[in-house]
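**Q** Structure provided below as C-alpha cells; questions to follow.
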Amino acid sequence: MDPLLSSVRLAVCEAVHTLTSSEDGGCIFSTLGSLKRYLGETENPALPGEQEEFARVHFSTFLRCLISKLSPGWLELLPDGQLEELWASFFLEGPADQAFLVLMEALEGTTGPSFRLMKMARLLARFLREGRMAAVMEGQCRQQKELAFPLHQEALLIRVVGLPDRLGNCLQHENLAEFFPQNYFPLLGEQVVRVLQAVVDSLRGGLDCSVSFVSQVLGKACVYGRQKEILGMLVPRLTALTQGSCLWQRVCWRLVEGVPDRAMEAVLTGLVEAAPGPEVLSRLLGNLVVKSKKAQFVMTRKLLFLQYRYTTPVLQSLLGYLAKDSQRRPLLVQALKELLETWGSSSAVRHAPLPQQCYVSKAVLICLAHLGDTELQDSREELLASLMAGVKCHLDSSLPAVRRLGMIVAEVASARIHPEGPPLKFQYEKDELSCELLALATLQPAADSPSEAGPFVAPVAAETPDKQTVDSGVPQVRPQGSDSELDSDDEFVPYDMSGDQELKSGKVPMYIRDCVEALTTSEDWEYWEAALRALERLVFRNPAATREVSVELAKVLLHLEEKTSVVGFEGLRQRALVAVTVTDPARVAEYLTSQFYAINYSLRQRMDILDVLALAAQELSRPGRLWRAPQCGSPGPTCQPGCTVAPTWRAVVDERIRRKTRRFSKGSPKRRPAGSPNGFNSVAGYFFFPLIKGFDRPLVTFDLLGDDQLVLGRLAHTLGVLMYLAVNTTVAVPMGKALLEFVWALRFHGDTYVRRGLLSAVSSVLLSVPGERLWEDLPDELLEARLWLADVAEKDPDEDCRMLAVKALLLLEKLKDKLLPLPSP
C-alpha cells in the first residue's frame, strides 16, 4: 500500500474519531487545524499528492462529519466563535464543487426549522457572497474531458440552477434574501462573467479550457424562465468586454454554441430581447445561425412567424443581425420571401390576430430596408406574386386596420421591388401605427459623424426659410438698381379676412315639398345645397307635412349624390334621413328594410340604410325626446343674432329671487327629464324582422354569406343595437329568439368583424330580454350559447372577440345566479 495514501487516510480517521468522541475544545481545534494543511492554506502545507488524495477521496466524507457535529453546545466549546470560523473555513477554502454539493445535500435532508438548518443556510449565503460559485463552475471548465464525471456535473448543474427553488422548499418562511430568484440569478450571471474572464486569461496563457458547463448553466437558467435576471446582468458586461476584443467574441460564440438544443430557444430569445442592437447581437452570436439548425429555426422561423409578442426594437435587432454578415444575408432574403408569402395568405389575413399581422408587416418593411436592389431583383417575380395576392386579401378585409396595413406595405414594397413601374398610392388615415410603419421602411444610419447627421437637420431648416433665402439655403444679394424691390409684394400686409362669410344669393326653402323638388330637379347648386342644409330642421318643424311625403323623401335622400363640393355632405344626408325615419318610423323603416335586400344598390348604400336605422331607433328610444325643431343655437334663417345670449325677464327675476332667498335644503339642483313612453316600442318589429329574414338569400349583386362580409358584419352589429334598444318592449322576446337563431347560423364565420357583431348581439339579447322569459322560452339556446361563448373566449384568435365572449359569459352567469339562487344549507 502506498505510504502517502495510508498517512492521509490515517490522519482523516484520527480526526473523525476525535470529532465524534472528544468534548475538549482545544483538542478539536488543534485536530481541525492539522487537517488544514491538506487544503494548502497553512505555513506547512502537505505534499501535492497528499492534497490531491484528500480532496478527491476524503474531503466530502469529512465535511459530512463536520455537519453532523453542528450544534449550539459544540460551537461554544471555544469562545468568540473560533470553532465556528474554523469549521466554516473547510467549506469556503476547500474544493468548491464538493463543498457546495455537501451543503445542498445537508440542507435538503434536514426536516423542519432547526439551528443546524439556519447555520448551513447562512454558510451557503456566505459561500455565494464570497464568489465560490464561480470557483464551482471554473473547476468544471478547467477539467479535461477524459477526467470529467457526467453524473457529478449533472448533479452540480441541477443544484446550481435550481438553488432558489430547493432552498425555498427547505427554509420556507425563514428563507434568506440571497436565495430569492430575483437576487440569485443576477449574482449567478456575475459569477459567469468571472468564470469567462478566467477562461480568457487561461487561453491567453496557452492553457486549454472549455465553457461547456457554463453553457449548460446558462441554458438551464433560461429554460427555467430566468432570462431577464441572468441575461440582464450578463449581456451588458459582455457587450463592453467584446468591444474590440476578438478573443472575448470567440469565447461568447463558444458559450452560445455549447447551449443544448433543448435550451437554445430560451437562450436566443433572451439574448435578442436583452441585446441593445444588431451590432451587439452579432458580436455575441457570430454566425451561430449558419452553424446550428436549431438556432436557424428559432431566429428565422419561430421568432418571426410563431411568436409576435416582441417589440419593434427587438425585431429590428433580429433582422439587423441577419443583415450584418454576408453569410447570413441569404437567410434574410429567404425570410422576406416567407414573410411576404404569409402576409399575402388569405387564411392568415382572415384568421391571424391583428397584433400578429402588424408584427409580420413590420418584419417585411424592416427586411426591405436592409436588402439591396440587387438582392431584391433576383427574387422579384416571387415577391411580386406574394405582394399582389396580399394586397387583394388586405383590401377585402372588413377591418379598417387590416386594410391600412395592406396599403402601407403595398406602397413601400412595390416601390422597392419594382422601382421602375408606376408607384402604388393609397389614401388612408395617418395614425401612430402608420407613422411607425413608414419609419421602419427607411434604414436609419447611426449618427456617429456630422455627415450622417446632416440629412436629419436639413429638412428642419428648409421648413422655415428666411424671406431672402432660396432653396439652397444661401442668402441672395440683390443687385443694385434692380426693380425687384419695386415689384415685390412682401411689404404689403395681408388684410384679415378670417371673419368674412360667403354671401349666398339664393333663397332657403321654407317647405318640405320645396326641398324635395330642389333636390330632384333644381340646377341651381346654391339652392340645392341650401335645401339639403335646411331639410333636417324643416322635418322636425313640420312632422305632419313630412308624413305626407316621408317615403318619397327617404327615397330621394337614399339615392342622393353629391353634385357639388358640399362640406359635410354625408353627415347632412344621414341626419336628414334619420329625421325622416324618426318622424314616420313605420313606413320609412318598412321602405328602407325592403331596399336593403333589393338589387342594384351599392354596398355603401346598404350600410347607409343600416346606420340610419340604428340612429333612428336610438333617437326613438331616447327618454324625454323633443319633437320640435332645433333651438336658435342651430344654424337656420329664423335664428336671430344674439338670441342665445339675451336672457328673458323671467330668467332675470328667478335669478334675483334665488340669490336673495335663504334655503336650508336645496335638494337636487338638476332637473329630472319629463317621463315619456319609448317611441321605439311600437315600431321595433318594422326595423328588426325585415332585416333578419333575408340574410341567407343571395342576389345577383349582393351575397351576405359570400364576398359581402363587411355588410354582414355591419348587419350583425345593427341587429344587436336594435335588440338592445328594444329593452322592456313587448316584442323583445321574439326578437331575441330570432337573433339567437341568426347568431347560431353564423357562429363559426371566418371574418373577425362578423364574429364581433355576433358576440355583441348575444350580449344585447341577455341585456334586453327579461331573464325569466329567457329561461322559460330559450333554455336550450342559452345552454348552446354558453358552450360556444366559452370556446370563443378560450380559442378565438382575435383579442376583441375573446373579450366580448368573456363579457357575454359574465352576463349569462349573473343572470343564472339571479334566477337560480344557491339552495340554503
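Labels for the C-alpha cells follow display order: chains A, B, ..., residues from 1 in each chain, ligands from 1.
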Extract, using only C-alpha atoms, all DNA, RNA and protein residues at most 12 Å from Ser347 (chain A), discarding same-chain residues fewer than 2 positions from it, and format them as number ranges by chain.

**A** A: 341-345, 349-353, 357, 389-390, 393-394, 397, 750-752

**Q** Do a neighbour search on Leu812 (chain A) at 8 Å with only C-alpha atoms, toss out local chain neighbours closer than 3 positions, and write the hits as a list in words.

**A** Leu766, Arg786, Ala808, Leu809, Leu815 and Lys816 of chain A

**Q** Have a look at CA of Arg309 (chain A) and CA of Arg283 (chain A) and let me know their distance in Å, one decimal.

**A** 24.5 Å

**Q** Identify which of the residues A:Leu247, A:Leu157, A:Val566, A:Leu66 lies closest to Thr20 (chain A), counting only C-alpha atoms when measuring atom-to-atom distances.

**A**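 Closest to Thr20 (chain A), using only C-alpha atoms: A:Leu66.
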
**Q** Can you pull out every residue within 12 Å of Leu318 (chain A), counting only C-alpha atoms, but drop anything in the same chain fewer than 6 positions away, and send it as a ChimeraX atom specification?

**A** /A:268-282,285,289,296,298-304,310-312,324,328,331-332,335,363,366-367,370

**Q** Just the residues within 9 Å of Val267 (chain A), please, counting only C-alpha atoms, with nothing from its chain fewer than 4 positions along; format it as a list in words.

**A** Leu218, Gly219, Lys220, Ala221, Cys222, Val223, Gln227, Leu231, Val256, Val259, Ala263, Leu271 and Val272 of chain A

**Q** Got time to write the residues from that selection, N, CA and C atoms, as an mmCIF file, in the first residue's frame?

**A**
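The file below, result_5.cif, is the result:
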data_model
loop_
_atom_site.group_PDB
_atom_site.id
_atom_site.type_symbol
_atom_site.label_atom_id
_atom_site.label_comp_id
_atom_site.auth_asym_id
_atom_site.auth_seq_id
_atom_site.Cartn_x
_atom_site.Cartn_y
_atom_site.Cartn_z
ATOM 1 N N LEU A 218 -26.205 28.333 -18.293
ATOM 2 C CA LEU A 218 -26.957 29.422 -18.934
ATOM 3 C C LEU A 218 -28.235 28.901 -19.582
ATOM 4 N N GLY A 219 -28.136 27.774 -20.282
ATOM 5 C CA GLY A 219 -29.308 27.218 -20.937
ATOM 6 C C GLY A 219 -30.373 26.789 -19.961
ATOM 7 N N LYS A 220 -29.955 26.122 -18.868
ATOM 8 C CA LYS A 220 -30.944 25.644 -17.901
ATOM 9 C C LYS A 220 -31.607 26.799 -17.166
ATOM 10 N N ALA A 221 -30.841 27.854 -16.864
ATOM 11 C CA ALA A 221 -31.432 29.020 -16.206
ATOM 12 C C ALA A 221 -32.470 29.697 -17.106
ATOM 13 N N CYS A 222 -32.183 29.760 -18.406
ATOM 14 C CA CYS A 222 -33.138 30.368 -19.331
ATOM 15 C C CYS A 222 -34.362 29.478 -19.527
ATOM 16 N N VAL A 223 -34.170 28.164 -19.518
ATOM 17 C CA VAL A 223 -35.312 27.256 -19.619
ATOM 18 C C VAL A 223 -36.217 27.409 -18.400
ATOM 19 N N GLN A 227 -34.535 34.347 -17.942
ATOM 20 C CA GLN A 227 -33.693 35.049 -18.906
ATOM 21 C C GLN A 227 -33.416 36.483 -18.487
ATOM 22 N N LEU A 231 -29.548 37.244 -17.888
ATOM 23 C CA LEU A 231 -29.027 37.959 -19.053
ATOM 24 C C LEU A 231 -29.039 39.465 -18.848
ATOM 25 N N VAL A 256 -22.481 30.308 -26.520
ATOM 26 C CA VAL A 256 -23.831 30.110 -27.042
ATOM 27 C C VAL A 256 -23.904 28.830 -27.868
ATOM 28 N N VAL A 259 -24.708 25.671 -25.844
ATOM 29 C CA VAL A 259 -26.016 25.509 -25.203
ATOM 30 C C VAL A 259 -26.730 24.313 -25.815
ATOM 31 N N ALA A 263 -32.415 23.920 -24.943
ATOM 32 C CA ALA A 263 -32.416 25.230 -24.291
ATOM 33 C C ALA A 263 -32.061 26.360 -25.242
ATOM 34 N N LEU A 271 -31.443 36.570 -25.381
ATOM 35 C CA LEU A 271 -30.375 37.411 -25.914
ATOM 36 C C LEU A 271 -30.910 38.459 -26.883
ATOM 37 N N VAL A 272 -31.848 38.062 -27.732
ATOM 38 C CA VAL A 272 -32.405 39.018 -28.694
ATOM 39 C C VAL A 272 -33.132 40.142 -27.968
#

**Q** Between CA of Asn44 (chain A) and CA of Gln143 (chain A), what is the distance, to one decimal in Å?

**A** 27.3 Å

**Q** Suppose you want the space between CA of Leu577 (chain A) and CA of Leu739 (chain A); what is it in Å?

**A**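 Between CA of Leu577 (chain A) and CA of Leu739 (chain A) the gap is 25.7 Å.
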
**Q** Mind checking which residues fall within 12 Å of Leu615 (chain A), counting only C-alpha atoms, ignoring those fewer than 6 positions away in the same chain, and posting them as a PyMOL selection string?

**A** chain A and resi 574-582+585+589+608-609+621-622+680+687+718+721-722+725

**Q** With all heavy atoms retained, could you export that selection as a short mmCIF file (atom, residue, chain, number, x, y, z; two decimals), in the first residue's frame?

**A**
data_model
loop_
_atom_site.label_atom_id
_atom_site.label_comp_id
_atom_site.auth_asym_id
_atom_site.auth_seq_id
_atom_site.Cartn_x
_atom_site.Cartn_y
_atom_site.Cartn_z
N GLN A 574 -77.28 61.98 -43.97
CA GLN A 574 -77.63 60.99 -42.96
C GLN A 574 -78.56 61.57 -41.90
O GLN A 574 -79.55 60.93 -41.49
CB GLN A 574 -76.36 60.45 -42.30
CG GLN A 574 -76.61 59.32 -41.32
CD GLN A 574 -75.35 58.89 -40.61
OE1 GLN A 574 -74.86 59.59 -39.72
NE2 GLN A 574 -74.81 57.74 -41.01
N ARG A 575 -78.29 62.79 -41.42
CA ARG A 575 -79.16 63.39 -40.41
C ARG A 575 -80.56 63.63 -40.95
O ARG A 575 -81.55 63.47 -40.22
CB ARG A 575 -78.54 64.69 -39.91
CG ARG A 575 -77.32 64.49 -39.04
CD ARG A 575 -77.00 65.74 -38.24
NE ARG A 575 -76.68 66.86 -39.12
CZ ARG A 575 -75.46 67.15 -39.56
NH1 ARG A 575 -74.44 66.38 -39.22
NH2 ARG A 575 -75.25 68.19 -40.34
N ALA A 576 -80.67 64.03 -42.22
CA ALA A 576 -81.99 64.22 -42.80
C ALA A 576 -82.75 62.90 -42.89
O ALA A 576 -83.95 62.84 -42.60
CB ALA A 576 -81.85 64.86 -44.18
N LEU A 577 -82.06 61.82 -43.28
CA LEU A 577 -82.70 60.52 -43.34
C LEU A 577 -83.15 60.05 -41.96
O LEU A 577 -84.24 59.49 -41.79
CB LEU A 577 -81.74 59.50 -43.96
CG LEU A 577 -81.95 59.15 -45.42
CD1 LEU A 577 -80.83 58.24 -45.91
CD2 LEU A 577 -83.30 58.47 -45.62
N VAL A 578 -82.32 60.29 -40.96
CA VAL A 578 -82.69 59.92 -39.60
C VAL A 578 -83.90 60.71 -39.14
O VAL A 578 -84.84 60.17 -38.52
CB VAL A 578 -81.49 60.13 -38.64
CG1 VAL A 578 -81.92 59.95 -37.19
CG2 VAL A 578 -80.37 59.18 -38.97
N ALA A 579 -83.94 61.99 -39.46
CA ALA A 579 -85.08 62.81 -39.07
C ALA A 579 -86.37 62.32 -39.72
O ALA A 579 -87.43 62.25 -39.08
CB ALA A 579 -84.81 64.27 -39.44
N VAL A 580 -86.31 61.97 -41.00
CA VAL A 580 -87.50 61.46 -41.69
C VAL A 580 -87.94 60.14 -41.07
O VAL A 580 -89.14 59.89 -40.86
CB VAL A 580 -87.20 61.30 -43.19
CG1 VAL A 580 -88.38 60.64 -43.90
CG2 VAL A 580 -86.90 62.64 -43.82
N THR A 581 -86.99 59.26 -40.75
CA THR A 581 -87.33 57.97 -40.15
C THR A 581 -87.95 58.14 -38.77
O THR A 581 -88.90 57.42 -38.41
CB THR A 581 -86.08 57.08 -40.07
OG1 THR A 581 -85.43 57.04 -41.35
CG2 THR A 581 -86.44 55.68 -39.67
N VAL A 582 -87.43 59.06 -37.98
CA VAL A 582 -87.98 59.30 -36.65
C VAL A 582 -89.39 59.88 -36.75
O VAL A 582 -90.27 59.56 -35.95
CB VAL A 582 -87.04 60.23 -35.86
CG1 VAL A 582 -87.69 60.72 -34.59
CG2 VAL A 582 -85.74 59.51 -35.54
N PRO A 585 -91.77 56.53 -38.49
CA PRO A 585 -90.89 55.36 -38.37
C PRO A 585 -91.41 54.12 -39.06
O PRO A 585 -90.63 53.41 -39.69
CB PRO A 585 -90.79 55.16 -36.85
CG PRO A 585 -91.97 55.85 -36.28
CD PRO A 585 -92.29 56.99 -37.18
N ALA A 589 -89.20 52.94 -42.18
CA ALA A 589 -88.42 51.74 -41.85
C ALA A 589 -88.81 50.59 -42.76
O ALA A 589 -87.95 49.80 -43.19
CB ALA A 589 -88.62 51.37 -40.39
N ASP A 608 -75.42 52.49 -45.42
CA ASP A 608 -76.11 53.71 -45.01
C ASP A 608 -77.49 53.39 -44.44
O ASP A 608 -77.93 54.00 -43.45
CB ASP A 608 -76.25 54.66 -46.20
CG ASP A 608 -74.92 55.30 -46.57
OD1 ASP A 608 -74.01 55.29 -45.72
OD2 ASP A 608 -74.79 55.79 -47.71
N ILE A 609 -78.19 52.45 -45.05
CA ILE A 609 -79.50 52.04 -44.55
C ILE A 609 -79.38 51.51 -43.13
O ILE A 609 -80.16 51.86 -42.23
CB ILE A 609 -80.13 50.99 -45.48
CG1 ILE A 609 -80.51 51.62 -46.83
CG2 ILE A 609 -81.35 50.35 -44.84
CD1 ILE A 609 -80.99 50.63 -47.86
N SER A 621 -85.93 55.71 -29.00
CA SER A 621 -85.93 55.12 -27.66
C SER A 621 -85.40 56.06 -26.59
O SER A 621 -85.39 55.71 -25.41
CB SER A 621 -85.07 53.85 -27.65
OG SER A 621 -83.72 54.17 -27.95
N ARG A 622 -84.93 57.24 -26.98
CA ARG A 622 -84.33 58.16 -26.01
C ARG A 622 -85.42 58.76 -25.13
O ARG A 622 -86.42 59.28 -25.63
CB ARG A 622 -83.58 59.24 -26.74
CG ARG A 622 -82.83 60.21 -25.83
CD ARG A 622 -82.05 61.21 -26.64
NE ARG A 622 -81.09 60.52 -27.50
CZ ARG A 622 -80.48 61.11 -28.52
NH1 ARG A 622 -80.75 62.35 -28.82
NH2 ARG A 622 -79.62 60.43 -29.25
N PHE A 680 -89.81 53.64 -29.57
CA PHE A 680 -89.36 52.50 -30.38
C PHE A 680 -90.18 51.24 -30.09
O PHE A 680 -90.08 50.26 -30.83
CB PHE A 680 -87.88 52.25 -30.09
CG PHE A 680 -87.23 51.24 -30.98
CD1 PHE A 680 -87.22 51.40 -32.36
CD2 PHE A 680 -86.63 50.11 -30.45
CE1 PHE A 680 -86.62 50.46 -33.19
CE2 PHE A 680 -86.03 49.18 -31.26
CZ PHE A 680 -86.02 49.35 -32.64
N PHE A 687 -88.37 47.63 -37.83
CA PHE A 687 -86.92 47.82 -38.00
C PHE A 687 -86.19 46.48 -38.05
O PHE A 687 -85.23 46.32 -38.81
CB PHE A 687 -86.36 48.64 -36.83
CG PHE A 687 -86.64 50.11 -36.90
CD1 PHE A 687 -87.92 50.60 -36.73
CD2 PHE A 687 -85.63 51.01 -37.13
CE1 PHE A 687 -88.18 51.96 -36.77
CE2 PHE A 687 -85.87 52.37 -37.19
CZ PHE A 687 -87.15 52.85 -37.01
N THR A 718 -75.82 46.03 -36.27
CA THR A 718 -77.07 46.79 -36.26
C THR A 718 -78.18 46.01 -35.57
O THR A 718 -78.96 46.57 -34.78
CB THR A 718 -77.48 47.14 -37.70
OG1 THR A 718 -76.42 47.87 -38.31
CG2 THR A 718 -78.75 47.97 -37.72
N VAL A 721 -77.74 46.32 -31.94
CA VAL A 721 -78.16 47.63 -31.43
C VAL A 721 -79.68 47.70 -31.32
O VAL A 721 -80.23 48.18 -30.32
CB VAL A 721 -77.61 48.74 -32.35
CG1 VAL A 721 -78.23 50.09 -32.00
CG2 VAL A 721 -76.10 48.82 -32.25
N LEU A 722 -80.39 47.23 -32.36
CA LEU A 722 -81.85 47.25 -32.31
C LEU A 722 -82.36 46.37 -31.17
O LEU A 722 -83.34 46.72 -30.51
CB LEU A 722 -82.41 46.76 -33.65
CG LEU A 722 -82.08 47.62 -34.88
CD1 LEU A 722 -82.63 46.99 -36.14
CD2 LEU A 722 -82.62 49.03 -34.72
N LEU A 725 -81.88 48.30 -27.90
CA LEU A 725 -82.82 49.41 -27.75
C LEU A 725 -84.25 48.95 -27.52
O LEU A 725 -85.10 49.75 -27.14
CB LEU A 725 -82.75 50.32 -28.98
CG LEU A 725 -81.41 51.01 -29.22
CD1 LEU A 725 -81.42 51.77 -30.54
CD2 LEU A 725 -81.07 51.95 -28.07
#

**Q** Please return as JSON, numbers by chain: the residues of region 101-324 of chain A that backbone DSSP assigns to helix (DSSP H, G or I).

**A** {"A": [101, 102, 103, 104, 105, 106, 107, 108, 109, 115, 116, 117, 118, 119, 120, 121, 122, 123, 124, 125, 126, 127, 128, 129, 132, 133, 134, 135, 136, 137, 138, 139, 140, 141, 142, 145, 146, 147, 150, 151, 152, 153, 154, 155, 156, 157, 158, 159, 160, 161, 163, 164, 165, 166, 167, 168, 169, 170, 171, 172, 173, 174, 177, 178, 179, 181, 182, 183, 184, 185, 186, 187, 188, 189, 190, 191, 192, 193, 194, 195, 196, 197, 198, 199, 200, 201, 202, 203, 204, 212, 213, 214, 215, 216, 217, 218, 219, 220, 221, 222, 223, 227, 228, 229, 230, 231, 232, 233, 234, 235, 236, 237, 238, 239, 240, 241, 246, 247, 248, 249, 250, 251, 252, 253, 254, 255, 256, 257, 261, 262, 263, 264, 265, 266, 267, 268, 269, 270, 271, 272, 273, 274, 278, 279, 280, 281, 282, 283, 284, 285, 288, 289, 290, 291, 293, 294, 295, 296, 297, 298, 299, 300, 301, 302, 303, 304, 305, 306, 312, 313, 314, 315, 316, 317, 318, 319, 320, 321, 322, 323]}

**Q** With only C-alpha atoms as the basis for distance, which of A:Phe540, A:Asp707, A:Leu354, A:Gly720 is at the shortest distance from Glu799 (chain A)?

**A**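 When distances to Glu799 (chain A) are compared using only C-alpha atoms, the smallest one comes from A:Leu354.
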
**Q** With only C-alpha atoms as the counted atoms, please give the residues lying no more than 8 Å from Leu19 (chain A), apart from itself and same-chain residues fewer than 6 positions off, as JSON, numbers by chain.

**A** {"A": [28, 65, 66, 69]}

**Q** Please produce an output containing all heavy atoms for each residue in the selection, written as a short mmCIF file (atom, residue, chain, number, x, y, z; two decimals), in the first residue's frame.

**A**
data_model
loop_
_atom_site.label_atom_id
_atom_site.label_comp_id
_atom_site.auth_asym_id
_atom_site.auth_seq_id
_atom_site.Cartn_x
_atom_site.Cartn_y
_atom_site.Cartn_z
N ILE A 28 -10.13 19.60 19.75
CA ILE A 28 -10.85 19.65 18.47
C ILE A 28 -10.25 20.73 17.57
O ILE A 28 -10.05 20.52 16.37
CB ILE A 28 -12.35 19.89 18.72
CG1 ILE A 28 -12.97 18.69 19.45
CG2 ILE A 28 -13.08 20.17 17.42
CD1 ILE A 28 -14.41 18.92 19.86
N CYS A 65 -19.05 14.79 8.24
CA CYS A 65 -18.79 14.62 9.67
C CYS A 65 -18.88 15.95 10.40
O CYS A 65 -19.44 16.04 11.51
CB CYS A 65 -17.42 13.97 9.88
SG CYS A 65 -16.96 13.75 11.61
N LEU A 66 -18.33 17.01 9.79
CA LEU A 66 -18.41 18.34 10.38
C LEU A 66 -19.87 18.78 10.54
O LEU A 66 -20.25 19.37 11.56
CB LEU A 66 -17.64 19.35 9.54
CG LEU A 66 -16.11 19.27 9.57
CD1 LEU A 66 -15.50 20.31 8.64
CD2 LEU A 66 -15.60 19.48 10.99
N LYS A 69 -21.72 17.21 13.51
CA LYS A 69 -21.37 17.71 14.84
C LYS A 69 -21.92 19.09 15.11
O LYS A 69 -21.76 19.62 16.22
CB LYS A 69 -19.84 17.74 15.01
CG LYS A 69 -19.18 16.38 14.97
CD LYS A 69 -19.70 15.49 16.08
CE LYS A 69 -19.36 16.03 17.45
NZ LYS A 69 -19.88 15.17 18.55
#

**Q** Got a sec: who's within 8 Å of Gln51 (chain A), counting only C-alpha atoms, leaving out chain neighbours fewer than 6 positions off, as a PyMOL selection string?

**A** chain A and resi 38-40

**Q** Would you put the residues from that selection into a file with N, CA and C atoms, as an mmCIF file, in the first residue's frame?

**A**
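Dumped everything to part39.cif:
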data_model
loop_
_atom_site.group_PDB
_atom_site.id
_atom_site.type_symbol
_atom_site.label_atom_id
_atom_site.label_comp_id
_atom_site.auth_asym_id
_atom_site.auth_seq_id
_atom_site.Cartn_x
_atom_site.Cartn_y
_atom_site.Cartn_z
ATOM 1 N N TYR A 38 -3.850 19.993 4.522
ATOM 2 C CA TYR A 38 -4.192 19.285 3.286
ATOM 3 C C TYR A 38 -4.956 20.180 2.288
ATOM 4 N N LEU A 39 -5.393 21.354 2.753
ATOM 5 C CA LEU A 39 -6.019 22.327 1.833
ATOM 6 C C LEU A 39 -5.004 23.318 1.286
ATOM 7 N N GLY A 40 -3.725 23.229 1.798
ATOM 8 C CA GLY A 40 -2.688 24.124 1.297
ATOM 9 C C GLY A 40 -2.806 25.526 1.812
#

**Q** Counting only C-alpha atoms, which residue out of A:Asn287, A:Thr239, A:Gln82, A:Asn600 sits closest to Gln327 (chain A)?

**A**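 Counting only C-alpha atoms, the residue closest to Gln327 (chain A) is A:Asn287.
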
**Q** Which residue is closest to Ser114 (chain A)? Choose from A:Ser22, A:Ser71, A:Thr442, A:Ser361 and count only C-alpha atoms.

**A**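 Among the listed residues, the smallest separation from Ser114 (chain A) belongs to A:Ser71.
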